[in-house]
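Chemist: Pasting entry-v5.csv here (CSV, C-alpha atoms):
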chain,number,residue,atom,x,y,z
A,273,MET,CA,9.4,183.7,21.4
A,274,LYS,CA,6.4,181.6,22.3
A,275,HIS,CA,8.2,178.3,22.9
A,276,LEU,CA,6.9,176.7,26.1
A,277,GLN,CA,4.6,179.6,26.9
A,278,ILE,CA,1.0,179.1,28.1
A,279,LEU,CA,-1.1,181.9,26.6
A,280,LYS,CA,-4.7,183.0,26.4
A,281,SER,CA,-6.5,183.4,23.0
A,282,PRO,CA,-7.3,187.1,22.3
A,283,VAL,CA,-11.0,186.3,21.8
A,284,GLU,CA,-13.7,184.9,24.1
A,285,LEU,CA,-17.3,184.1,23.4
A,286,SER,CA,-20.2,184.2,25.9
A,287,LEU,CA,-21.6,180.7,25.2
A,288,ASN,CA,-25.2,181.8,26.1
A,289,ASN,CA,-25.5,184.7,23.7
A,290,TYR,CA,-22.3,184.5,21.6
A,291,ALA,CA,-21.2,188.0,22.6
A,292,MET,CA,-17.6,188.2,21.3
A,293,LYS,CA,-15.0,189.9,23.4
A,294,GLY,CA,-11.4,190.9,22.7
A,295,GLU,CA,-9.3,193.4,20.9
A,296,PRO,CA,-9.5,191.9,17.4
A,297,ILE,CA,-13.3,191.8,17.3
A,298,ILE,CA,-15.1,193.9,14.7
A,299,ASN,CA,-18.7,195.1,15.2
A,300,GLN,CA,-21.2,196.0,12.6
A,301,VAL,CA,-24.7,197.5,13.2
A,302,ARG,CA,-27.4,197.6,10.6
A,303,LEU,CA,-30.2,200.0,11.3
A,304,LEU,CA,-33.6,199.5,9.7
A,305,LYS,CA,-32.9,202.5,7.4
A,306,ASP,CA,-29.6,200.8,6.2
A,307,VAL,CA,-31.6,197.8,4.9
A,308,ALA,CA,-34.9,199.4,4.1
A,309,GLY,CA,-34.7,198.4,0.4
A,310,ILE,CA,-34.9,194.7,1.1
A,311,PHE,CA,-38.5,194.8,2.4
A,312,GLN,CA,-41.6,194.4,0.3
A,313,ASN,CA,-43.9,196.9,2.1
A,314,GLN,CA,-42.2,200.2,1.7
A,315,GLU,CA,-45.4,202.0,2.9
A,316,ALA,CA,-45.2,200.2,6.2
A,317,LEU,CA,-41.7,201.5,6.6
A,318,THR,CA,-42.8,205.1,6.6
A,319,GLU,CA,-44.7,204.5,9.8
A,320,MET,CA,-41.7,202.9,11.6
A,321,ASN,CA,-38.6,204.2,13.4
A,322,THR,CA,-36.0,203.4,10.9
A,323,GLU,CA,-33.2,204.4,13.3
A,324,ALA,CA,-33.9,201.1,15.2
A,325,THR,CA,-31.4,198.3,14.9
A,326,ALA,CA,-32.3,195.6,12.5
A,327,TYR,CA,-29.3,193.4,13.2
A,328,THR,CA,-25.7,193.3,14.4
A,329,VAL,CA,-22.7,191.3,13.4
A,330,GLN,CA,-19.6,190.6,15.4
A,331,ALA,CA,-16.6,188.8,13.8
A,332,TRP,CA,-13.0,187.7,14.3
A,333,LEU,CA,-11.0,187.9,11.1
A,334,PRO,CA,-7.6,186.6,12.2
A,335,VAL,CA,-6.1,186.9,8.7
A,336,GLU,CA,-6.6,189.3,5.9
A,337,ASP,CA,-9.8,189.1,3.9
A,338,GLY,CA,-9.0,187.0,0.8
A,339,THR,CA,-6.3,184.8,2.4
A,340,PRO,CA,-6.6,181.2,1.0
A,341,GLY,CA,-7.0,178.5,3.6
A,342,GLY,CA,-7.9,180.8,6.5
A,343,LEU,CA,-11.2,181.0,8.4
A,344,PHE,CA,-13.4,183.7,9.9
A,345,PHE,CA,-15.8,183.3,12.9
A,346,GLY,CA,-18.7,185.5,13.8
A,347,ALA,CA,-22.1,185.9,15.4
A,348,SER,CA,-25.2,187.6,14.0
A,349,THR,CA,-28.0,189.0,16.1
A,350,ILE,CA,-31.3,189.7,14.3
A,351,TYR,CA,-33.7,191.8,16.3
A,352,PRO,CA,-37.4,190.8,16.4
A,353,GLY,CA,-39.8,192.8,14.3
A,354,LYS,CA,-41.7,192.9,11.0
A,355,VAL,CA,-42.1,195.4,8.2
A,356,GLY,CA,-45.7,194.8,7.3
A,357,ASN,CA,-45.9,191.0,7.3
A,358,GLU,CA,-42.3,190.5,6.5
A,359,TYR,CA,-39.9,189.4,9.3
A,360,PHE,CA,-36.7,191.4,10.1
A,361,MET,CA,-33.9,189.8,8.1
A,362,THR,CA,-30.3,190.3,6.9
A,363,LYS,CA,-29.4,191.5,3.4
A,364,GLY,CA,-28.3,188.1,2.3
A,365,HIS,CA,-25.5,187.3,-0.1
A,366,PHE,CA,-23.7,184.8,-2.3
A,367,HIS,CA,-20.0,184.4,-1.7
A,368,SER,CA,-17.7,186.2,-4.2
A,369,GLN,CA,-15.6,183.0,-4.5
A,370,SER,CA,-18.9,181.3,-5.0
A,371,ASP,CA,-17.9,177.7,-4.3
A,372,ARG,CA,-17.1,178.7,-0.7
A,373,ALA,CA,-19.3,177.2,2.0
A,374,GLU,CA,-20.4,178.4,5.5
A,375,PHE,CA,-21.7,176.9,8.7
A,376,TYR,CA,-24.4,178.6,10.8
A,377,TRP,CA,-25.7,177.4,14.1
A,378,GLY,CA,-28.6,178.6,16.2
A,379,VAL,CA,-27.7,179.9,19.6
A,380,GLN,CA,-30.8,181.8,20.9
A,381,GLY,CA,-34.2,182.7,19.6
A,382,LYS,CA,-36.2,181.4,16.6
A,383,GLY,CA,-35.9,182.1,12.9
A,384,MET,CA,-35.3,180.9,9.4
A,385,LEU,CA,-32.3,180.5,7.2
A,386,ILE,CA,-33.5,181.4,3.8
A,387,LEU,CA,-31.5,179.8,1.0
A,388,MET,CA,-31.5,180.3,-2.8
A,389,ASP,CA,-29.6,178.4,-5.5
A,390,ARG,CA,-28.3,179.9,-8.8
A,391,ASP,CA,-31.6,178.7,-10.5
A,392,ARG,CA,-33.4,180.9,-8.1
A,393,ASN,CA,-35.1,178.1,-6.2
A,394,THR,CA,-35.7,179.5,-2.6
A,395,TRP,CA,-36.2,177.4,0.5
A,396,ALA,CA,-35.6,177.7,4.2
A,397,GLU,CA,-34.3,175.8,7.2
A,398,GLU,CA,-35.7,176.3,10.7
A,399,VAL,CA,-33.2,178.0,13.1
A,400,TYR,CA,-33.4,177.3,16.8
A,401,PRO,CA,-30.9,176.8,19.6
A,402,GLY,CA,-28.7,173.9,18.5
A,403,SER,CA,-29.8,173.8,14.8
A,404,LEU,CA,-26.7,173.3,12.7
A,405,HIS,CA,-26.8,174.5,9.0
A,406,TYR,CA,-24.4,173.7,6.2
A,407,ILE,CA,-24.6,176.3,3.4
A,408,GLY,CA,-22.9,174.8,0.4
A,409,GLY,CA,-21.2,176.8,-2.3
A,410,GLU,CA,-23.4,178.7,-4.9
A,411,ILE,CA,-26.2,179.1,-2.3
A,412,ALA,CA,-27.3,182.6,-1.3
A,413,HIS,CA,-28.2,182.9,2.4
A,414,ARG,CA,-30.1,185.3,4.7
A,415,LEU,CA,-31.4,185.0,8.2
A,416,ALA,CA,-34.9,186.1,9.4
A,417,ASN,CA,-36.1,186.4,12.9
A,418,THR,CA,-39.6,184.9,13.3
A,419,GLY,CA,-39.8,185.0,17.1
A,420,ASN,CA,-40.3,187.6,19.8
A,421,GLU,CA,-36.7,187.8,21.1
A,422,ASN,CA,-33.3,188.3,19.5
A,423,LEU,CA,-32.2,185.5,17.0
A,424,ILE,CA,-28.5,184.8,17.6
A,425,VAL,CA,-26.6,182.6,15.2
A,426,GLY,CA,-22.9,181.5,15.2
A,427,ALA,CA,-21.0,181.3,11.9
A,428,CYS,CA,-17.7,180.1,10.5
A,429,TRP,CA,-16.6,180.7,6.8
A,430,PRO,CA,-13.5,180.7,4.7
A,431,SER,CA,-11.4,183.8,4.7
A,432,ASP,CA,-11.3,183.8,0.9
A,433,ALA,CA,-15.1,183.5,0.5
A,434,GLY,CA,-15.9,187.2,0.2
A,435,HIS,CA,-19.4,188.7,0.1
A,436,ASP,CA,-21.4,189.3,-3.1
A,437,TYR,CA,-24.2,191.5,-1.9
A,438,ASP,CA,-24.9,193.1,-5.3
A,439,GLU,CA,-26.6,190.1,-6.9
A,440,ILE,CA,-29.2,190.0,-4.1
A,441,ALA,CA,-29.4,193.8,-3.9
A,442,VAL,CA,-30.4,194.0,-7.6
A,443,ASN,CA,-32.4,190.8,-8.1
A,444,GLY,CA,-33.4,189.8,-4.6
A,445,PHE,CA,-34.5,186.3,-3.5
A,446,SER,CA,-37.2,184.7,-5.6
A,447,ALA,CA,-39.5,184.3,-2.5
A,448,ARG,CA,-40.3,186.3,0.6
A,449,LEU,CA,-40.8,185.0,4.2
A,450,LEU,CA,-44.1,186.5,5.3
A,451,ALA,CA,-46.2,185.9,8.4
A,452,VAL,CA,-49.4,184.2,7.3
A,453,ASP,CA,-52.0,183.6,10.1
A,454,GLY,CA,-49.1,184.3,12.5
A,455,LYS,CA,-46.8,181.6,11.0
A,456,PRO,CA,-43.8,182.0,8.6
A,457,ASN,CA,-44.5,181.1,5.0
A,458,LEU,CA,-42.4,181.4,1.9
A,459,SER,CA,-44.3,182.9,-1.1
A,460,ASN,CA,-43.3,183.7,-4.6
A,461,ILE,CA,-42.7,187.3,-5.3
B,296,MET,CA,-38.0,170.3,-5.6
B,297,LYS,CA,-37.2,172.4,-2.6
B,298,HIS,CA,-38.6,175.7,-3.9
B,299,LEU,CA,-40.8,177.4,-1.2
B,300,GLN,CA,-40.3,174.5,1.3
B,301,ILE,CA,-39.5,175.0,4.9
B,302,LEU,CA,-37.2,172.2,6.1
B,303,LYS,CA,-35.1,171.1,9.0
B,304,SER,CA,-31.4,170.7,8.9
B,305,PRO,CA,-30.4,167.0,9.3
B,306,VAL,CA,-28.1,167.8,12.2
B,307,GLU,CA,-28.6,169.2,15.7
B,308,LEU,CA,-26.2,170.1,18.5
B,309,SER,CA,-26.9,170.1,22.2
B,310,LEU,CA,-25.5,173.5,23.0
B,311,ASN,CA,-24.5,172.5,26.5
B,312,ASN,CA,-22.3,169.5,25.6
B,313,TYR,CA,-22.1,169.7,21.8
B,314,ALA,CA,-23.5,166.2,21.4
B,315,MET,CA,-24.3,166.0,17.7
B,316,LYS,CA,-27.5,164.2,16.5
B,317,GLY,CA,-28.6,163.3,13.0
B,318,GLU,CA,-28.2,160.7,10.4
B,319,PRO,CA,-25.0,162.2,8.7
B,320,ILE,CA,-23.0,162.3,12.0
B,321,ILE,CA,-19.9,160.1,12.2
B,322,ASN,CA,-18.6,158.9,15.6
B,323,GLN,CA,-15.0,158.0,16.5
B,324,VAL,CA,-13.8,156.6,19.8
B,325,ARG,CA,-10.1,156.5,20.7
B,326,LEU,CA,-9.4,154.1,23.6
B,327,LEU,CA,-6.3,154.6,25.7
B,328,LYS,CA,-4.7,151.6,23.9
B,329,ASP,CA,-5.2,153.3,20.5
B,330,VAL,CA,-3.2,156.3,21.5
B,331,ALA,CA,-0.8,154.7,24.0
B,332,GLY,CA,2.3,155.6,22.0
B,333,ILE,CA,1.8,159.3,22.4
B,334,PHE,CA,2.5,159.3,26.1
B,335,GLN,CA,5.9,159.6,27.8
B,336,ASN,CA,5.5,157.2,30.7
B,337,GLN,CA,5.0,153.8,29.1
B,338,GLU,CA,5.5,152.1,32.4
B,339,ALA,CA,2.6,153.9,34.0
B,340,LEU,CA,0.4,152.6,31.1
B,341,THR,CA,1.1,149.0,32.1
B,342,GLU,CA,-0.8,149.7,35.4
B,343,MET,CA,-3.8,151.3,33.6
B,344,ASN,CA,-7.0,150.0,32.0
B,345,THR,CA,-6.1,150.8,28.4
B,346,GLU,CA,-9.6,149.8,27.3
B,347,ALA,CA,-10.8,153.0,28.8
B,348,THR,CA,-11.9,155.9,26.5
B,349,ALA,CA,-9.3,158.6,26.0
B,350,TYR,CA,-11.4,160.8,23.7
B,351,THR,CA,-14.3,160.8,21.2
B,352,VAL,CA,-14.9,162.8,18.1
B,353,GLN,CA,-18.2,163.5,16.4
B,354,ALA,CA,-18.3,165.3,13.0
B,355,TRP,CA,-20.6,166.3,10.2
B,356,LEU,CA,-18.8,166.1,6.8
B,357,PRO,CA,-21.5,167.3,4.4
B,358,VAL,CA,-19.2,167.1,1.4
B,359,GLU,CA,-16.6,164.6,0.3
B,360,ASP,CA,-13.2,164.8,2.1
B,361,GLY,CA,-10.9,166.9,-0.2
B,362,THR,CA,-13.7,169.1,-1.7
B,363,PRO,CA,-12.3,172.6,-2.2
B,364,GLY,CA,-14.4,175.4,-0.6
B,365,GLY,CA,-16.4,173.2,1.7
B,366,LEU,CA,-16.3,173.0,5.5
B,367,PHE,CA,-16.6,170.3,8.2
B,368,PHE,CA,-17.9,170.7,11.7
B,369,GLY,CA,-17.2,168.6,14.8
B,370,ALA,CA,-16.9,168.2,18.5
B,371,SER,CA,-14.1,166.5,20.5
B,372,THR,CA,-14.5,165.2,24.0
B,373,ILE,CA,-11.3,164.4,25.9
B,374,TYR,CA,-11.8,162.4,29.0
B,375,PRO,CA,-10.1,163.4,32.3
B,376,GLY,CA,-7.0,161.4,33.3
B,377,LYS,CA,-3.2,161.3,33.3
B,378,VAL,CA,-0.6,158.8,32.2
B,379,GLY,CA,2.0,159.3,34.9
B,380,ASN,CA,2.1,163.1,35.0
B,381,GLU,CA,0.9,163.7,31.4
B,382,TYR,CA,-2.7,164.7,30.8
B,383,PHE,CA,-4.9,162.7,28.5
B,384,MET,CA,-4.7,164.3,25.0
B,385,THR,CA,-5.5,163.8,21.4
B,386,LYS,CA,-2.9,162.5,18.8
B,387,GLY,CA,-2.5,165.9,17.2
B,388,HIS,CA,-1.9,166.7,13.6
B,389,PHE,CA,-0.8,169.1,10.9
B,390,HIS,CA,-3.2,169.5,8.0
B,391,SER,CA,-2.2,167.7,4.8
B,392,GLN,CA,-3.0,170.8,2.8
B,393,SER,CA,-0.9,172.6,5.3
B,394,ASP,CA,-2.0,176.2,4.8
B,395,ARG,CA,-5.5,175.2,6.0
B,396,ALA,CA,-6.7,176.8,9.3
B,397,GLU,CA,-9.2,175.6,11.9
B,398,PHE,CA,-11.3,177.1,14.7
B,399,TYR,CA,-11.7,175.5,18.1
B,400,TRP,CA,-13.9,176.8,20.9
B,401,GLY,CA,-14.2,175.5,24.4
B,402,VAL,CA,-17.7,174.3,25.4
B,403,GLN,CA,-17.2,172.5,28.7
B,404,GLY,CA,-14.3,171.6,31.0
B,405,LYS,CA,-10.8,172.8,31.2
B,406,GLY,CA,-7.7,172.1,29.1
B,407,MET,CA,-5.0,173.3,26.8
B,408,LEU,CA,-4.7,173.6,23.1
B,409,ILE,CA,-1.1,172.6,22.4
B,410,LEU,CA,0.3,174.2,19.2
B,411,MET,CA,3.6,173.6,17.3
B,412,ASP,CA,4.9,175.5,14.3
B,413,ARG,CA,7.2,174.0,11.6
B,414,ASP,CA,10.3,175.2,13.4
B,415,ARG,CA,9.1,173.0,16.3
B,416,ASN,CA,8.3,175.8,18.7
B,417,THR,CA,5.6,174.5,21.0
B,418,TRP,CA,3.2,176.6,23.0
B,419,ALA,CA,-0.3,176.3,24.4
B,420,GLU,CA,-3.6,178.3,24.8
B,421,GLU,CA,-5.9,177.8,27.8
B,422,VAL,CA,-9.2,176.2,26.8
B,423,TYR,CA,-12.3,176.9,28.9
B,424,PRO,CA,-16.0,177.4,28.2
B,425,GLY,CA,-16.1,180.3,25.6
B,426,SER,CA,-12.4,180.4,24.7
B,427,LEU,CA,-12.1,180.8,20.9
B,428,HIS,CA,-9.0,179.6,19.2
B,429,TYR,CA,-7.7,180.3,15.7
B,430,ILE,CA,-5.2,177.7,14.5
B,431,GLY,CA,-3.5,179.1,11.5
B,432,GLY,CA,-2.0,177.1,8.7
B,433,GLU,CA,1.3,175.2,9.3
B,434,ILE,CA,0.5,174.8,13.0
B,435,ALA,CA,0.1,171.3,14.5
B,436,HIS,CA,-2.6,171.1,17.2
B,437,ARG,CA,-3.7,168.8,19.9
B,438,LEU,CA,-6.0,169.1,22.9
B,439,ALA,CA,-5.2,168.0,26.5
B,440,ASN,CA,-7.7,167.7,29.4
B,441,THR,CA,-6.2,169.3,32.5
B,442,GLY,CA,-9.4,169.2,34.6
B,443,ASN,CA,-11.5,166.6,36.4
B,444,GLU,CA,-14.5,166.5,34.0
B,445,ASN,CA,-14.8,166.0,30.2
B,446,LEU,CA,-13.2,168.6,28.1
B,447,ILE,CA,-15.6,169.4,25.2
B,448,VAL,CA,-14.4,171.5,22.2
B,449,GLY,CA,-16.3,172.6,19.1
B,450,ALA,CA,-14.4,172.7,15.7
B,451,CYS,CA,-14.8,174.0,12.2
B,452,TRP,CA,-12.3,173.3,9.4
B,453,PRO,CA,-12.0,173.3,5.6
B,454,SER,CA,-13.1,170.1,3.8
B,455,ASP,CA,-9.8,170.0,1.9
B,456,ALA,CA,-7.6,170.4,4.9
B,457,GLY,CA,-7.0,166.7,5.5
B,458,HIS,CA,-5.1,165.3,8.5
B,459,ASP,CA,-1.3,164.6,8.5
B,460,TYR,CA,-1.0,162.4,11.7
B,461,ASP,CA,2.3,160.8,10.5
B,462,GLU,CA,4.6,163.8,11.2
B,463,ILE,CA,3.4,163.9,14.8
B,464,ALA,CA,3.4,160.1,15.2
B,465,VAL,CA,7.0,159.9,14.1
B,466,ASN,CA,8.5,163.1,15.6
B,467,GLY,CA,6.0,164.1,18.2
B,468,PHE,CA,5.7,167.6,19.6
B,469,SER,CA,8.9,169.2,20.9
B,470,ALA,CA,7.4,169.7,24.4
B,471,ARG,CA,5.1,167.8,26.8
B,472,LEU,CA,2.2,169.1,29.0
B,473,LEU,CA,2.9,167.6,32.4
B,474,ALA,CA,1.3,168.3,35.8
B,475,VAL,CA,4.0,170.0,38.0
B,476,ASP,CA,2.8,170.7,41.5
B,477,GLY,CA,-0.7,170.0,40.3
B,478,LYS,CA,-0.5,172.6,37.5
B,479,PRO,CA,0.0,172.2,33.8
B,480,ASN,CA,3.4,173.0,32.6
B,481,LEU,CA,5.1,172.7,29.1
B,482,SER,CA,8.5,171.2,29.3
B,483,ASN,CA,11.0,170.3,26.6
B,484,ILE,CA,11.4,166.7,25.8
If you convert what's in this file into structure tokens, what do you get?
Modeler:
Amino acid sequence: MKHLQILKSPVELSLNNYAMKGEPIINQVRLLKDVAGIFQNQEALTEMNTEATAYTVQAWLPVEDGTPGGLFFGASTIYPGKVGNEYFMTKGHFHSQSDRAEFYWGVQGKGMLILMDRDRNTWAEEVYPGSLHYIGGEIAHRLANTGNENLIVGACWPSDAGHDYDEIAVNGFSARLLAVDGKPNLSNI
Amino acid sequence: MKHLQILKSPVELSLNNYAMKGEPIINQVRLLKDVAGIFQNQEALTEMNTEATAYTVQAWLPVEDGTPGGLFFGASTIYPGKVGNEYFMTKGHFHSQSDRAEFYWGVQGKGMLILMDRDRNTWAEEVYPGSLHYIGGEIAHRLANTGNENLIVGACWPSDAGHDYDEIAVNGFSARLLAVDGKPNLSNI
């Protein structure tokens, strides 16, 4: 019986790096070998340590996946690095319930939020500490680290959004974020 | 045509105090006189400057209120103070689409998230920098500042949640957060 009690939430964030602490937190690690297929330059990969971490995700899913009306909260950390000229990035996804939105906000580091609509137009928004990004429904999204330190991004999304990774795994985005003269540039595939 | 463009999001946060900047931001100010009715000690109010700010809310509503699948993002700042022994607090509300959840997270200051279920059980969670709070559906919520500086809280909620302020305006919460020996205490009304 909680009536009149003063409690602590089971989850805490470190506001400087969004490390999430608490029993309900789930932790995912994606090694470079787990996401090798998303990069253009497969030859460059053969020279790299693919056991290295590409990115990590922490999340609090307080209700069951698929619950209508609920929300999830998480933090992604994309490590710095490039495969050839292509920045380390996340796999990217549409939402399964594809009208579902998501908020991202930059916490640390420097990067790009790469976005693609259903007509395969691809663009990007600059991510930096304090940048706030609304990702509307029907928009695929992925994060790339264009800096020299970890890129850390907070996120909140509906518990019935789901993740459709297959569409991107099969067809990819229509453009790639490559370093051109040391600066990030989106170019058609 | 956005294809291949690198853009900036129209909204930025100051990560230290969650001040939101950008053309789409809406700003609300609640003076003490606007929320006078929520406090127990109406006599104490007659001695106070009710033109003073009780709290402010900033928000980015990137889609129309009521849109299914979308999200809103905001920041609340509750000023320090008491009316009699009762801490400055927000009006509090259920969501109109009442299964809709919300995340709050403490950014600055010290306070309590006061929660009440439909059976009128009332409890609270401690709010401090980095505390992360999941407010499930069917749970009324309000914030109280129990410290000496501004309490700043970030929030993300579904764009079809809506606000049902009337239930709380008419029936209130079933308990009040009062200072007892200088410490916050929930007591039955």
Chemist: Which chain A residues are at most 6 Å from chain B (counting only C-alpha atoms), as a PyMOL selection string?
Modeler: chain A and resi 274-281+283-287+341-342+371-373+393-398+402-405+458
Chemist: Kindly provide, as a PyMOL selection string, the polymer residues lying within 7 Å of (-30.1, 196.8, 16.7), counting all atoms listed in the file and using the coordinates exactly as they appear in the file.
Modeler: chain A and resi 301-303+324-328+351
Chemist: Excluding B:Phe334 and its own-chain neighbours fewer than 5 positions away, which residues fall within 9 Å of it when counting only C-alpha atoms? Please give them as a ChimeraX atom specification.
Modeler: /B:340,378-379,381-384,471
Chemist: If you measure from atom CA of A:Thr322 to atom CA of A:Ala308, what distance in Å do you get, rounded to one decimal?
Modeler: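 Here the two named atoms are 8.0 Å from each other.
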Chemist: Rounded to one decimal place, report the atom CA of B:Gly387-atom CA of A:Ala331 distance in Å.
Modeler: 27.1 Å
Chemist: Report the distance between atom CA of B:Ser391 and atom CA of A:Ala347 in Å, rounded to one decimal place.
Modeler: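 It comes out at 29.0 Å.
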Chemist: Using only C-alpha atoms, find the one residue out of B:Ile434, B:Ile484, B:Asn336, B:Asn322 that sits nearest to B:Asn466.
Modeler: B:Ile484
